[in-house]
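Printed here is run_30.cif (mmCIF, C-alpha atoms and all ligand atoms):
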```cif
data_start
#
loop_
_atom_site.label_atom_id
_atom_site.label_comp_id
_atom_site.auth_asym_id
_atom_site.auth_seq_id
_atom_site.Cartn_x
_atom_site.Cartn_y
_atom_site.Cartn_z
CA MET A 642 1.05 -30.34 -22.39
CA ASP A 643 1.63 -29.00 -25.84
CA MET A 644 2.48 -25.33 -25.97
CA SER A 645 3.56 -25.52 -29.59
CA THR A 646 -0.07 -25.99 -30.66
CA LEU A 647 -0.89 -22.75 -28.92
CA LYS A 648 1.86 -20.92 -30.72
CA GLU A 649 0.73 -22.25 -34.06
CA SER A 650 -1.85 -19.59 -34.76
CA LEU A 651 -1.13 -18.64 -38.36
CA PRO A 652 -4.32 -17.77 -40.24
CA GLU A 653 -4.02 -20.56 -42.79
CA ASP A 654 -3.73 -23.41 -40.35
CA TYR A 655 -5.90 -22.07 -37.58
CA ASP A 656 -8.18 -24.67 -36.10
CA ARG A 657 -9.89 -22.91 -33.19
CA LEU A 658 -11.37 -25.99 -31.60
CA LYS A 659 -8.03 -27.72 -31.65
CA ALA A 660 -6.31 -24.70 -30.11
CA LEU A 661 -8.96 -24.46 -27.39
CA LYS A 662 -8.54 -28.12 -26.55
CA ALA A 663 -4.77 -27.78 -26.42
CA PHE A 664 -5.13 -24.87 -24.03
CA GLU A 665 -7.64 -26.74 -21.89
CA GLU A 666 -5.41 -29.79 -21.72
CA THR A 667 -2.51 -27.85 -20.27
CA LYS A 668 -4.69 -27.37 -17.15
CA ALA A 669 -2.31 -24.54 -16.36
CA GLY A 670 -4.57 -21.68 -17.43
CA VAL A 671 -3.48 -18.31 -18.73
CA LYS A 672 -0.78 -18.14 -16.09
CA GLY A 673 0.72 -21.27 -17.66
CA ILE A 674 0.94 -19.47 -21.00
CA VAL A 675 2.57 -16.42 -19.45
CA ASP A 676 5.03 -18.59 -17.52
CA SER A 677 6.00 -20.37 -20.73
CA GLY A 678 7.42 -17.05 -21.91
CA ILE A 679 5.02 -16.30 -24.76
CA GLN A 680 5.38 -12.72 -26.02
CA LYS A 681 2.27 -12.66 -28.18
CA VAL A 682 -1.32 -13.28 -27.22
CA PRO A 683 -2.40 -16.64 -28.69
CA ARG A 684 -5.18 -16.36 -31.25
CA ILE A 685 -7.90 -17.97 -29.13
CA PHE A 686 -7.78 -14.88 -26.89
CA ILE A 687 -7.89 -12.29 -29.66
CA ARG A 688 -11.18 -10.45 -29.86
CA PRO A 689 -13.09 -10.68 -33.16
CA PRO A 690 -12.33 -7.80 -35.59
CA ASP A 691 -15.85 -6.32 -35.34
CA GLU A 692 -15.42 -6.01 -31.57
CA LEU A 693 -11.99 -4.43 -31.85
CA VAL A 694 -13.34 -1.90 -34.33
CA GLN A 695 -16.32 -1.12 -32.10
CA GLU A 696 -13.87 -0.14 -29.39
CA LEU A 697 -13.13 3.06 -31.32
CA ASN A 698 -16.72 4.25 -30.76
CA TYR A 699 -16.38 4.39 -27.02
CA GLN A 700 -15.44 7.59 -25.23
CA GLN A 701 -13.14 7.67 -22.28
CA SER A 702 -14.89 9.08 -19.29
CA ASN A 703 -13.69 10.58 -16.05
CA LEU A 704 -16.90 9.87 -14.21
CA GLN A 705 -16.86 7.72 -11.08
CA VAL A 706 -19.39 5.31 -9.67
CA PRO A 707 -20.88 6.54 -6.38
CA VAL A 708 -18.94 5.75 -3.22
CA ILE A 709 -21.20 5.13 -0.23
CA ASP A 710 -19.90 5.32 3.33
CA LEU A 711 -21.81 2.77 5.40
CA SER A 712 -20.68 4.03 8.79
CA GLY A 713 -23.62 5.25 10.82
CA ILE A 714 -25.95 2.69 9.26
CA GLY A 715 -27.50 2.10 12.69
CA ALA A 716 -28.36 5.76 13.29
CA ASP A 717 -31.73 6.80 11.89
CA ASP A 718 -30.81 9.93 10.00
CA GLN A 719 -27.57 8.46 8.65
CA ARG A 720 -29.42 5.35 7.52
CA LYS A 721 -31.95 7.43 5.60
CA LYS A 722 -29.14 9.17 3.78
CA ILE A 723 -27.41 5.87 2.99
CA ILE A 724 -30.65 4.36 1.68
CA SER A 725 -31.20 7.30 -0.60
CA GLU A 726 -27.64 6.99 -1.94
CA VAL A 727 -28.11 3.26 -2.51
CA LYS A 728 -31.37 3.97 -4.31
CA ASN A 729 -29.87 6.58 -6.65
CA ALA A 730 -26.80 4.50 -7.43
CA SER A 731 -28.85 1.36 -8.11
CA LYS A 732 -31.21 3.21 -10.46
CA GLU A 733 -28.62 5.25 -12.25
CA TRP A 734 -25.54 3.04 -12.36
CA GLY A 735 -26.38 -0.42 -11.09
CA PHE A 736 -22.97 -0.11 -9.39
CA PHE A 737 -21.50 1.54 -6.33
CA GLN A 738 -18.57 1.16 -3.99
CA VAL A 739 -18.95 0.86 -0.23
CA THR A 740 -16.54 1.89 2.50
CA ASN A 741 -16.77 1.30 6.26
CA HIS A 742 -18.76 -1.85 5.50
CA GLY A 743 -17.55 -3.69 8.59
CA ILE A 744 -15.07 -6.10 6.99
CA PRO A 745 -11.62 -5.24 8.38
CA LEU A 746 -8.83 -4.38 5.98
CA ASN A 747 -6.71 -7.32 7.12
CA VAL A 748 -9.50 -9.73 6.17
CA LEU A 749 -9.74 -8.18 2.68
CA ASP A 750 -5.98 -8.20 2.21
CA GLY A 751 -5.77 -11.74 3.58
CA MET A 752 -8.35 -12.93 1.06
CA LEU A 753 -6.56 -11.32 -1.90
CA ASP A 754 -3.24 -12.63 -0.70
CA GLY A 755 -4.57 -16.18 -0.28
CA ILE A 756 -6.01 -16.14 -3.80
CA ARG A 757 -2.77 -14.81 -5.28
CA LYS A 758 -0.88 -17.58 -3.50
CA PHE A 759 -3.32 -20.20 -4.76
CA HIS A 760 -2.80 -19.14 -8.37
CA GLU A 761 0.95 -18.75 -7.98
CA GLN A 762 1.60 -22.11 -6.37
CA ASP A 763 2.95 -25.10 -8.24
CA ALA A 764 0.82 -25.84 -11.32
CA GLU A 765 0.62 -29.51 -10.33
CA VAL A 766 -1.23 -28.66 -7.13
CA LYS A 767 -3.71 -26.45 -8.97
CA LYS A 768 -4.39 -29.21 -11.48
CA GLU A 769 -5.95 -31.31 -8.77
CA PHE A 770 -8.77 -28.81 -8.63
CA ASN A 771 -9.24 -28.66 -12.37
CA SER A 772 -12.70 -29.82 -13.37
CA ARG A 773 -15.73 -28.93 -15.46
CA ASP A 774 -18.10 -30.89 -13.24
CA ARG A 775 -20.94 -28.59 -12.27
CA MET A 776 -21.49 -30.31 -8.96
CA GLN A 777 -17.93 -29.93 -7.77
CA LYS A 778 -17.80 -27.23 -5.11
CA VAL A 779 -14.23 -26.05 -5.54
CA LYS A 780 -12.78 -25.76 -9.00
CA PHE A 781 -9.78 -24.24 -10.69
CA GLY A 782 -9.94 -23.43 -14.36
CA SER A 783 -9.70 -20.84 -17.05
CA ASN A 784 -12.71 -19.58 -18.96
CA VAL A 785 -15.80 -21.53 -17.85
CA ASP A 786 -17.34 -20.64 -21.20
CA LEU A 787 -14.22 -21.53 -23.22
CA TYR A 788 -16.08 -23.41 -25.97
CA ARG A 789 -19.02 -21.00 -26.11
CA SER A 790 -17.42 -17.59 -26.21
CA ARG A 791 -16.11 -15.77 -29.27
CA ALA A 792 -12.77 -15.05 -27.65
CA ALA A 793 -11.21 -16.50 -24.53
CA ASN A 794 -10.51 -14.17 -21.60
CA TRP A 795 -7.09 -13.44 -20.16
CA ARG A 796 -7.84 -14.79 -16.70
CA ASP A 797 -7.90 -17.89 -14.51
CA SER A 798 -10.40 -18.57 -11.75
CA LEU A 799 -10.84 -20.53 -8.60
CA THR A 800 -14.57 -21.01 -8.20
CA ILE A 801 -16.20 -21.91 -4.93
CA SER A 802 -19.81 -22.84 -5.27
CA LEU A 803 -22.26 -23.11 -2.44
CA MET A 804 -25.11 -23.92 -4.78
CA THR A 805 -25.91 -27.37 -3.56
CA SER A 806 -25.27 -26.90 0.13
CA ASP A 807 -25.22 -23.79 2.18
CA ARG A 808 -21.95 -24.36 3.85
CA ILE A 809 -18.48 -25.34 2.97
CA GLU A 810 -16.24 -27.37 5.21
CA PRO A 811 -12.77 -25.87 5.61
CA ASP A 812 -11.07 -29.04 4.40
CA GLU A 813 -12.86 -28.75 1.05
CA LEU A 814 -10.89 -25.59 0.35
CA PRO A 815 -7.32 -25.46 -0.98
CA GLU A 816 -5.05 -25.36 2.01
CA ILE A 817 -3.11 -22.33 0.85
CA CYS A 818 -6.13 -20.02 1.02
CA ARG A 819 -8.33 -21.96 3.46
CA ASP A 820 -8.38 -19.75 6.53
CA SER A 821 -8.54 -16.46 4.65
CA THR A 822 -11.39 -17.72 2.47
CA MET A 823 -13.44 -18.99 5.43
CA GLU A 824 -12.96 -15.69 7.23
CA TYR A 825 -13.85 -13.56 4.22
CA SER A 826 -16.86 -15.62 3.18
CA ASN A 827 -18.35 -15.51 6.68
CA ARG A 828 -18.01 -11.74 6.72
CA VAL A 829 -19.25 -11.07 3.21
CA LYS A 830 -22.37 -13.17 3.85
CA ILE A 831 -23.28 -10.85 6.69
CA LEU A 832 -22.57 -7.78 4.57
CA GLY A 833 -24.77 -9.25 1.84
CA LYS A 834 -27.73 -9.50 4.23
CA THR A 835 -27.20 -5.86 5.22
CA LEU A 836 -27.03 -4.75 1.60
CA PHE A 837 -30.29 -6.56 0.80
CA GLU A 838 -31.91 -4.74 3.73
CA LEU A 839 -30.77 -1.40 2.37
CA LEU A 840 -31.88 -2.33 -1.14
CA SER A 841 -35.32 -3.43 0.17
CA GLU A 842 -35.76 -0.11 1.91
CA ALA A 843 -34.51 1.71 -1.17
CA LEU A 844 -37.41 0.06 -3.01
CA GLY A 845 -39.83 1.28 -0.33
CA LEU A 846 -40.28 -2.23 1.09
CA SER A 847 -39.74 -3.55 4.60
CA PRO A 848 -36.05 -4.21 5.34
CA ASP A 849 -36.39 -8.00 5.30
CA HIS A 850 -38.34 -8.20 2.03
CA LEU A 851 -35.52 -9.29 -0.33
CA ASN A 852 -33.89 -11.57 2.25
CA ASN A 853 -37.28 -13.24 2.81
CA MET A 854 -37.54 -13.82 -0.93
CA GLU A 855 -34.31 -15.81 -0.55
CA CYS A 856 -32.34 -13.43 -2.76
CA SER A 857 -29.28 -13.93 -0.60
CA LYS A 858 -29.74 -17.63 -0.07
CA VAL A 859 -27.26 -19.16 -2.48
CA HIS A 860 -23.68 -18.11 -2.81
CA GLN A 861 -20.93 -18.65 -5.28
CA PHE A 862 -17.63 -16.95 -5.51
CA SER A 863 -15.16 -16.62 -8.27
CA CYS A 864 -11.61 -15.76 -7.36
CA HIS A 865 -9.97 -14.38 -10.46
CA TYR A 866 -6.33 -14.00 -11.37
CA TYR A 867 -5.55 -11.68 -14.29
CA PRO A 868 -1.91 -12.13 -15.32
CA ALA A 869 -0.03 -9.28 -16.99
CA CYS A 870 -0.67 -9.40 -20.70
CA PRO A 871 1.93 -8.76 -23.43
CA GLU A 872 -0.61 -7.31 -25.90
CA PRO A 873 -3.46 -5.97 -23.76
CA GLN A 874 -5.26 -4.16 -26.58
CA LEU A 875 -6.01 -7.46 -28.37
CA THR A 876 -7.88 -9.26 -25.62
CA LEU A 877 -9.95 -8.75 -22.48
CA GLY A 878 -9.61 -9.90 -18.90
CA THR A 879 -13.38 -10.41 -18.75
CA SER A 880 -15.77 -9.90 -21.66
CA LYS A 881 -18.63 -7.44 -21.44
CA HIS A 882 -21.47 -9.03 -19.48
CA SER A 883 -24.01 -8.48 -16.73
CA ASP A 884 -24.19 -10.73 -13.68
CA PRO A 885 -27.07 -13.22 -13.71
CA GLY A 886 -27.81 -13.38 -9.97
CA PHE A 887 -29.34 -10.82 -7.61
CA LEU A 888 -26.28 -9.04 -6.31
CA THR A 889 -22.50 -9.18 -6.52
CA VAL A 890 -19.96 -7.94 -4.01
CA LEU A 891 -16.54 -7.58 -5.58
CA LEU A 892 -13.21 -7.32 -3.84
CA GLN A 893 -10.42 -6.11 -6.11
CA SER A 894 -6.70 -5.61 -5.66
CA GLN A 895 -5.21 -2.16 -6.21
CA ILE A 896 -4.78 -2.50 -9.98
CA SER A 897 -7.43 -1.00 -12.21
CA GLY A 898 -9.14 -2.78 -15.08
CA LEU A 899 -12.80 -3.07 -14.13
CA GLN A 900 -15.12 -0.86 -16.18
CA VAL A 901 -18.86 -0.31 -16.23
CA LEU A 902 -20.81 0.74 -19.30
CA TYR A 903 -22.56 3.98 -18.38
CA GLN A 904 -24.47 5.92 -21.02
CA ASP A 905 -22.36 4.37 -23.75
CA ASN A 906 -19.08 5.19 -22.04
CA TRP A 907 -16.74 2.83 -20.29
CA VAL A 908 -16.16 4.18 -16.80
CA ASN A 909 -13.22 2.86 -14.75
CA ILE A 910 -14.05 1.54 -11.33
CA GLU A 911 -10.84 2.49 -9.60
CA PRO A 912 -9.96 0.42 -6.54
CA ILE A 913 -10.22 2.31 -3.28
CA PRO A 914 -8.27 0.95 -0.31
CA GLY A 915 -10.63 -1.00 1.91
CA GLY A 916 -13.53 -0.51 -0.48
CA LEU A 917 -15.81 -3.11 -2.04
CA VAL A 918 -17.70 -2.85 -5.33
CA VAL A 919 -21.39 -3.74 -5.26
CA ASN A 920 -23.45 -4.35 -8.38
CA ILE A 921 -27.04 -5.19 -9.16
CA GLY A 922 -27.55 -8.47 -11.04
CA ASP A 923 -30.13 -9.36 -13.68
CA LEU A 924 -32.51 -11.02 -11.21
CA LEU A 925 -32.68 -7.90 -9.06
CA GLN A 926 -33.45 -5.85 -12.15
CA LEU A 927 -36.32 -8.24 -12.83
CA VAL A 928 -37.83 -8.41 -9.33
CA SER A 929 -37.48 -4.63 -8.94
CA ASN A 930 -39.44 -4.33 -12.20
CA GLY A 931 -36.58 -2.43 -13.77
CA ARG A 932 -36.19 0.19 -11.03
CA PHE A 933 -32.69 -1.04 -10.37
CA ILE A 934 -30.46 -1.78 -13.32
CA SER A 935 -28.02 -4.58 -13.97
CA SER A 936 -25.22 -2.87 -15.88
CA LYS A 937 -22.80 -4.35 -18.34
CA HIS A 938 -19.23 -4.42 -17.19
CA ARG A 939 -15.90 -5.88 -18.22
CA VAL A 940 -12.26 -6.09 -17.25
CA ILE A 941 -9.64 -4.83 -19.67
CA ALA A 942 -6.34 -6.64 -19.95
CA ASN A 943 -3.33 -4.88 -18.54
CA SER A 944 0.39 -4.91 -19.23
CA ILE A 945 0.96 -4.90 -15.49
CA GLY A 946 -0.26 -7.55 -13.14
CA PRO A 947 -1.40 -9.74 -11.70
CA ARG A 948 -4.74 -8.18 -10.84
CA ILE A 949 -6.74 -10.23 -8.33
CA SER A 950 -10.45 -10.03 -7.71
CA VAL A 951 -13.06 -11.98 -5.79
CA ALA A 952 -16.62 -11.77 -7.05
CA TYR A 953 -19.14 -12.98 -4.48
CA PHE A 954 -22.49 -13.72 -6.14
CA PHE A 955 -25.79 -13.88 -4.29
CA SER A 956 -28.59 -15.79 -5.98
CA GLY A 957 -31.77 -17.61 -5.08
CA PRO A 958 -32.20 -21.36 -4.43
CA ILE A 959 -31.49 -22.46 -7.98
CA GLY A 960 -32.02 -26.14 -7.40
CA GLU A 961 -35.63 -25.64 -6.34
CA ALA A 962 -38.65 -25.08 -8.53
CA LYS A 963 -38.80 -21.47 -7.48
CA THR A 964 -40.15 -18.69 -9.64
CA TYR A 965 -39.31 -15.01 -9.52
CA GLY A 966 -41.16 -12.11 -11.02
CA PRO A 967 -41.59 -8.39 -10.38
CA ILE A 968 -42.49 -7.72 -6.73
CA LYS A 969 -46.25 -7.08 -6.44
CA GLU A 970 -45.82 -4.03 -4.21
CA LEU A 971 -43.88 -2.34 -6.98
CA ILE A 972 -46.60 -2.75 -9.59
CA SER A 973 -49.29 -0.15 -10.10
CA GLU A 974 -51.21 1.49 -12.90
CA GLU A 975 -48.31 3.88 -13.49
CA ASN A 976 -45.78 1.07 -13.11
CA PRO A 977 -47.14 -1.91 -15.04
CA THR A 978 -45.33 -5.26 -14.96
CA LYS A 979 -42.33 -5.19 -17.25
CA TYR A 980 -41.21 -8.81 -16.98
CA ARG A 981 -42.81 -12.23 -16.94
CA ASP A 982 -42.02 -14.70 -14.18
CA LEU A 983 -39.11 -17.03 -14.60
CA LEU A 984 -38.34 -20.43 -13.21
CA LEU A 985 -34.97 -20.07 -11.51
CA SER A 986 -33.63 -23.51 -12.42
CA GLU A 987 -34.53 -22.99 -16.08
CA TYR A 988 -33.02 -19.52 -16.10
CA MET A 989 -29.73 -20.71 -14.63
CA GLY A 990 -29.70 -23.64 -17.05
CA ARG A 991 -29.96 -21.19 -19.95
CA PHE A 992 -27.16 -19.10 -18.50
CA MET A 993 -24.81 -22.09 -18.27
CA LYS A 994 -25.32 -22.83 -21.95
CA THR A 995 -24.25 -19.45 -23.25
CA GLY A 996 -21.01 -17.55 -23.42
CA LEU A 997 -20.40 -14.67 -21.06
CA ASP A 998 -20.17 -12.39 -24.09
CA ASP A 999 -23.45 -13.57 -25.68
CA GLU A 1000 -25.42 -10.40 -26.40
CA ASN A 1001 -28.66 -12.27 -26.92
CA TRP A 1002 -28.79 -13.76 -23.51
CA GLY A 1003 -30.02 -11.94 -20.48
CA ILE A 1004 -32.99 -10.58 -18.70
CA ASN A 1005 -34.42 -9.02 -21.87
CA TYR A 1006 -35.61 -12.49 -22.81
CA TYR A 1007 -38.19 -12.17 -20.03
CA LYS A 1008 -39.29 -8.66 -20.97
CA LEU A 1009 -42.97 -8.25 -21.74
C1 LIG B 1101 -17.48 -11.26 -12.62
C2 LIG B 1101 -16.85 -9.94 -12.83
C3 LIG B 1101 -15.00 -8.48 -12.39
C4 LIG B 1101 -13.60 -8.52 -11.88
O1 LIG B 1101 -16.80 -12.19 -12.15
O2 LIG B 1101 -18.69 -11.37 -12.94
O3 LIG B 1101 -17.46 -9.09 -13.39
O4 LIG B 1101 -13.09 -7.46 -11.56
N1 LIG B 1101 -15.60 -9.76 -12.36
O5 LIG B 1101 -13.02 -9.60 -11.83
NI NI B 1102 -19.54 -9.58 -13.49
#
```
Let me see the structure of the file written as structure tokens.
Amino acid sequence: MDMSTLKESLPEDYDRLKALKAFEETKAGVKGIVDSGIQKVPRIFIRPPDELVQELNYQQSNLQVPVIDLSGIGADDQRKKIISEVKNASKEWGFFQVTNHGIPLNVLDGMLDGIRKFHEQDAEVKKEFNSRDRMQKVKFGSNVDLYRSRAANWRDSLTISLMTSDRIEPDELPEICRDSTMEYSNRVKILGKTLFELLSEALGLSPDHLNNMECSKVHQFSCHYYPACPEPQLTLGTSKHSDPGFLTVLLQSQISGLQVLYQDNWVNIEPIPGGLVVNIGDLLQLVSNGRFISSKHRVIANSIGPRISVAYFFSGPIGEAKTYGPIKELISEENPTKYRDLLLSEYMGRFMKTGLDDENWGINYYKL
């Protein structure tokens, strides 16, 4: 490991590729940099000047994404109200928070705690999970798009991918967060099915419509660790992006940082105890023919930390030759088709080749 290469970020001798490789080779992620005692953000993480300047155009906003209480989901009149709230939030924001969603607080806290412990354990143990192999189910790393993005993000991630098989055996998971992760993933899968039922009804379809389309079939989760940052204004925890799948359920610790772009303003999504953040992904925007929106969001860096989050992504069976397009029932003379069909495997392949912050990528490519 060669930390001196990281420190060497003077303009005249800056070789970005070399610095990225040096960072990658440490296999210790951003936490490794922080632990080494660095007081300045290394150059590979510094956002390009045009982006930093653009920041001045944004307004601060005191708005809040809708919070939807899911208790009473089984009672007819309550359910109607919940569906209408889900519908409005998905159209207007593409984001909402849910409370009383059925996952007990101790399971949420246990998950966050397990992930914090994973990232804070001995670096040598974490290294064993370090890999860029797409087929590997459990991986630890920093910045999946390290060589493709304009600036690296101030975060590390443990990624658990259930893309190739629909279940994970406990012994495939890191021991330190094994039980908590199994417990949480079993629960969030069930919540996901429920959310797709609500979303189907919010689109005026039968409750099982989206689940039958296999929108909740494939799961991946990214367990992020955002260390405290010495110069938070220069970098980002997560670059501005939208999520490529159908739906994301996000568990976040009680430190703010997540923001959604709403009518050209960045709106903070403040953690609420026991709450979960839900957001519409690009594929749901496409199949809903644009009725639901997949909003851009990001995580700002923070001088306090760590912030922990677990993003649980629901997508379709990406390995199969499956196509998705706007749902026929949602198309009419007044609502003509807005998108062409896409082949899921091709779409995901394109996603993997771009940086998270690539403005040219996304569902607009499939717009008619
Ligand atoms: C993501 C994401 C937000 C967060 O992983 O796609 O947007 O709070 N994460 O970590
Ligand atoms: Ni996201």
Let me have all residues with an atom within 12 Å of ligand NI 1102 (chain B), counting all atoms listed in the file, laid out as a PyMOL selection string.
-> chain A and resi 735-736+862-865+878-892+899-902+918-923+935-940+950-955+997-998
Output C-alpha atoms of each residue in that selection to a file, as a compact mmCIF listing (two decimals), in the coordinates of the input.
```
# COMPACT_ATOMS: atom_id res chain seq x y z
CA GLY A 735 -26.38 -0.42 -11.09
CA PHE A 736 -22.97 -0.11 -9.39
CA PHE A 862 -17.63 -16.95 -5.51
CA SER A 863 -15.16 -16.62 -8.27
CA CYS A 864 -11.61 -15.76 -7.36
CA HIS A 865 -9.97 -14.38 -10.46
CA GLY A 878 -9.61 -9.90 -18.90
CA THR A 879 -13.38 -10.41 -18.75
CA SER A 880 -15.77 -9.90 -21.66
CA LYS A 881 -18.63 -7.44 -21.44
CA HIS A 882 -21.47 -9.03 -19.48
CA SER A 883 -24.01 -8.48 -16.73
CA ASP A 884 -24.19 -10.73 -13.68
CA PRO A 885 -27.07 -13.22 -13.71
CA GLY A 886 -27.81 -13.38 -9.97
CA PHE A 887 -29.34 -10.82 -7.61
CA LEU A 888 -26.28 -9.04 -6.31
CA THR A 889 -22.50 -9.18 -6.52
CA VAL A 890 -19.96 -7.94 -4.01
CA LEU A 891 -16.54 -7.58 -5.58
CA LEU A 892 -13.21 -7.32 -3.84
CA LEU A 899 -12.80 -3.07 -14.13
CA GLN A 900 -15.12 -0.86 -16.18
CA VAL A 901 -18.86 -0.31 -16.23
CA LEU A 902 -20.81 0.74 -19.30
CA VAL A 918 -17.70 -2.85 -5.33
CA VAL A 919 -21.39 -3.74 -5.26
CA ASN A 920 -23.45 -4.35 -8.38
CA ILE A 921 -27.04 -5.19 -9.16
CA GLY A 922 -27.55 -8.47 -11.04
CA ASP A 923 -30.13 -9.36 -13.68
CA SER A 935 -28.02 -4.58 -13.97
CA SER A 936 -25.22 -2.87 -15.88
CA LYS A 937 -22.80 -4.35 -18.34
CA HIS A 938 -19.23 -4.42 -17.19
CA ARG A 939 -15.90 -5.88 -18.22
CA VAL A 940 -12.26 -6.09 -17.25
CA SER A 950 -10.45 -10.03 -7.71
CA VAL A 951 -13.06 -11.98 -5.79
CA ALA A 952 -16.62 -11.77 -7.05
CA TYR A 953 -19.14 -12.98 -4.48
CA PHE A 954 -22.49 -13.72 -6.14
CA PHE A 955 -25.79 -13.88 -4.29
CA LEU A 997 -20.40 -14.67 -21.06
CA ASP A 998 -20.17 -12.39 -24.09
```
To one decimal place, how far is CA of Pro683 (chain A) from CA of Gly1003 (chain A) in Å?
->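 Here the two named atoms are 29.2 Å from each other.
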Exercise on ligand LIG 1101 (chain B), axis-aligned box with 6 Å per side, report centre and edge lengths in Å to one decimal, as AutoDock Vina command-line options:
```
--center_x -15.9 --center_y -9.8 --center_z -12.5 --size_x 17.7 --size_y 16.7 --size_z 13.8
```
Please identify all polymer residues within 10 Å of Leu693 (chain A), counting all atoms listed in the file, omitting same-chain residues fewer than 4 positions from it, and present them as a PyMOL selection string.
-> chain A and resi 687-689+697-698+874-876
Which neighbours of Ser956 (chain A) fall inside 7 Å, counting all atoms listed in the file, when residues of the same chain fewer than 3 positions from it are skipped, and could you give them as a ChimeraX atom specification?
-> /A:856-860,886-887
Spatial neighbours of Asp812 (chain A), max dist 12 Å, all atoms listed in the file, sep filter under 4 positions, as a list of chain:residue names =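 My list of contacting residues is A:Lys778, A:Val779, A:Arg808, A:Glu816, A:Ile817, A:Cys818, A:Arg819, A:Asp820, A:Thr822, A:Met823.
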Within 8 Å of Asp999 (chain A), counting only C-alpha atoms, which residues show up once you throw out same-chain ones fewer than 3 positions away? Write them as an mmCIF file with C-alpha atoms, in the coordinates of the input, please.
```
data_model
loop_
_atom_site.group_PDB
_atom_site.id
_atom_site.type_symbol
_atom_site.label_atom_id
_atom_site.label_comp_id
_atom_site.auth_asym_id
_atom_site.auth_seq_id
_atom_site.Cartn_x
_atom_site.Cartn_y
_atom_site.Cartn_z
ATOM 1 C CA SER A 790 -17.420 -17.590 -26.210
ATOM 2 C CA HIS A 882 -21.470 -9.030 -19.480
ATOM 3 C CA THR A 995 -24.250 -19.450 -23.250
ATOM 4 C CA GLY A 996 -21.010 -17.550 -23.420
ATOM 5 C CA TRP A 1002 -28.790 -13.760 -23.510
#
```
Counting only C-alpha atoms and all ligand atoms, the option among A:Thr740, A:Gln893, A:Asn930, A:Gln777 closest to ligand LIG 1101 (chain B) |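 The closest residue to ligand LIG 1101 (chain B) is A:Gln893.
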Give me, please, the distance in Å between CA of Asn906 (chain A) and CA of Gln700 (chain A), quoted to one decimal.
->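 These two atoms are separated by 5.4 Å.
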Counting all atoms listed in the file, the residue of A:Met854, A:Thr835, A:Pro967, A:Leu799 that sits nearest ligand LIG 1101 (chain B) =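 Among the listed residues, A:Leu799 lies closest to ligand LIG 1101 (chain B).
Here the question is which of A:Leu917, A:Ala730, A:Val928, A:Val682 gets nearest to ligand LIG 1101 (chain B) using only C-alpha atoms and all ligand atoms, and that residue is A:Leu917.
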Give the answer as one residue: which of A:Lys668, A:Lys662, A:Arg948, A:Arg791 has the shortest atom-to-atom distance to ligand LIG 1101 (chain B), using all atoms listed in the file?
-> A:Arg948
